[in-house]
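J.: Just dropping this structure here.
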Amino acid sequence: MSPVLRAALWMTGSIASFSTMAVAGREVSDSLDTFEIMMYRSVVGIVVVCAFALATGAWRSIKTDRLGTHLVRNVAHFTGQNLWFYAVTVIPLAQVFALEFTSPIWVIVLSPLILGERLTRVRALAAIMGFVGILIVARPDMAGINAGVITAASSAIFFALTIMLTKRLTRHEGITSILFWLTSMQLVMGIAMAGYDGDIALPDLQTGPWVFLIGCAGLLAHYCLTNALSIAPATVVVPIDFIRLPTIAVIGMLVYGEVIDVWVFVGAAVIFAGNYVNILVESRQSKAM
């Protein structure tokens, strides 16, 4: 089987997992707030990660010498994921996913400050195209701007911070260590934020399966995406990942009766073009070196 086909199969799992997580998050939103969803997601996640580490002997790869970086990364991810879960409950799922795809653009903007990377002309052009795409998706007028659009766009910034700090951690640690600290730290955060008012809702027979799906889908999505990137270049993986947008648009239409907005796709195409041009140029420069 060719690397491209194997990467496509992994990305199919990633797309299915992200879509499942969005639908499951909306299904439990009437019974659980976002902090409770994150808490239960972390419970499922830490059980899965620990079982995997014990079964494969990967427990010894879990390190403790960069807990500060793990903490900052997980605070960023916890914040972004809470904003994302809120957004999927109040605006069309396709709009949430389109705005989420601006995360690589924010990486370009913030990486000179956090990773010390250079802001080239191509990266600047990609960032500008990304922001134009945001304007097309959100159409910032009195009717277009609402809490869902703001939180979805904001979640992309925190996901970008997560991506950059993950990149820093992967220079020294494996995925098992990163996922262990992700789930354990965010479990503590979830308990603290969900229980600040002294009232934590428990999943019932109706919401329990959805909560379990959220926990498993969250881990599986990132696992599949990481494997796809390890097999094929980003120029192959990124276009496949953008299939998430029409997929979730169709799901939103069939399950929730959401109207497919052509401008969301136009804006997403501009965002995709900015991302892809940057990745294509970066890949060619890497090969030339």
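Scheme for the structure tokens: letters A, B, ... for chains in order shown; per-chain residue numbers from 1; ligand numbers from 1 in order shown.
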Please identify all polymer residues within 10 Å of Lys63 (chain A), counting only C-alpha atoms, omitting same-chain residues fewer than 4 positions from it, and present them as number ranges by chain.

T.: A: 59, 67, 172-174, 176-178, 180-181

J.: Apply DSSP to the structure's backbone, then extract all residues of region 12-190 of chain A labelled alpha helix (DSSP H) and return them as an NGL selection string.

T.: :A and (12-28 or 34-56 or 67-90 or 93-100 or 103-114 or 121-138 or 147-170 or 175-190)

J.: Nearest to Ala24 (chain A): which of A:Ser184, A:Ser2, A:Ser42, A:Thr89 is it, counting only C-alpha atoms?

T.: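 Selected residue with least distance to Ala24 (chain A): A:Thr89.
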
J.: With the cut-off set at 12 Å and counting only C-alpha atoms, tabulate each residue of region 196-264 of chain A with an atom at most that distance from an atom of region 95-110 of chain A, showing the nearest atom pair and its distance in Å to one decimal, ordered by chain and increasing number, as a tab-separated table.

T.:
residue	atom	partner	partner_atom	distance
A:Ala234	CA	A:Pro104	CA	11.7
A:Val238	CA	A:Phe101	CA	10.0
A:Pro239	CA	A:Phe101	CA	11.3
A:Asp241	CA	A:Phe101	CA	9.4
A:Phe242	CA	A:Phe101	CA	8.0
A:Ile243	CA	A:Phe97	CA	10.4
A:Arg244	CA	A:Phe97	CA	7.6
A:Leu245	CA	A:Phe97	CA	6.1
A:Pro246	CA	A:Phe97	CA	9.6
A:Thr247	CA	A:Phe97	CA	10.2
A:Ile248	CA	A:Phe97	CA	7.9
A:Ala249	CA	A:Gln95	CA	8.5
A:Gly252	CA	A:Gln95	CA	10.4
A:Glu258	CA	A:Gln95	CA	10.7
A:Val259	CA	A:Gln95	CA	10.9
A:Ile260	CA	A:Gln95	CA	9.6
A:Asp261	CA	A:Gln95	CA	8.7
A:Val262	CA	A:Gln95	CA	10.6
A:Trp263	CA	A:Gln95	CA	9.6
A:Val264	CA	A:Gln95	CA	6.2

J.: Choose the residue, out of A:Phe131, A:Phe35, A:Phe18, A:Trp210, that has the smallest atom-to-atom separation from Ala192 (chain A); count only C-alpha atoms.

T.: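 Looking at the shortest contact to Ala192 (chain A), the residue is A:Phe35.
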
J.: Measuring between only C-alpha atoms, which one of A:Thr34, A:Gln285, A:Asn275, A:Thr79 shows the shortest distance to Gly133 (chain A)?

T.: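 For Gly133 (chain A), the nearest of the given residues is A:Asn275.
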
J.: So which one's closest to Ile150 (chain A), A:Leu113, A:Val88, A:Ala58, A:Ala124? Using only C-alpha atoms, please.

T.: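 Going through A:Leu113, A:Val88, A:Ala58, A:Ala124 one by one, the smallest distance to Ile150 (chain A) is for A:Val88.
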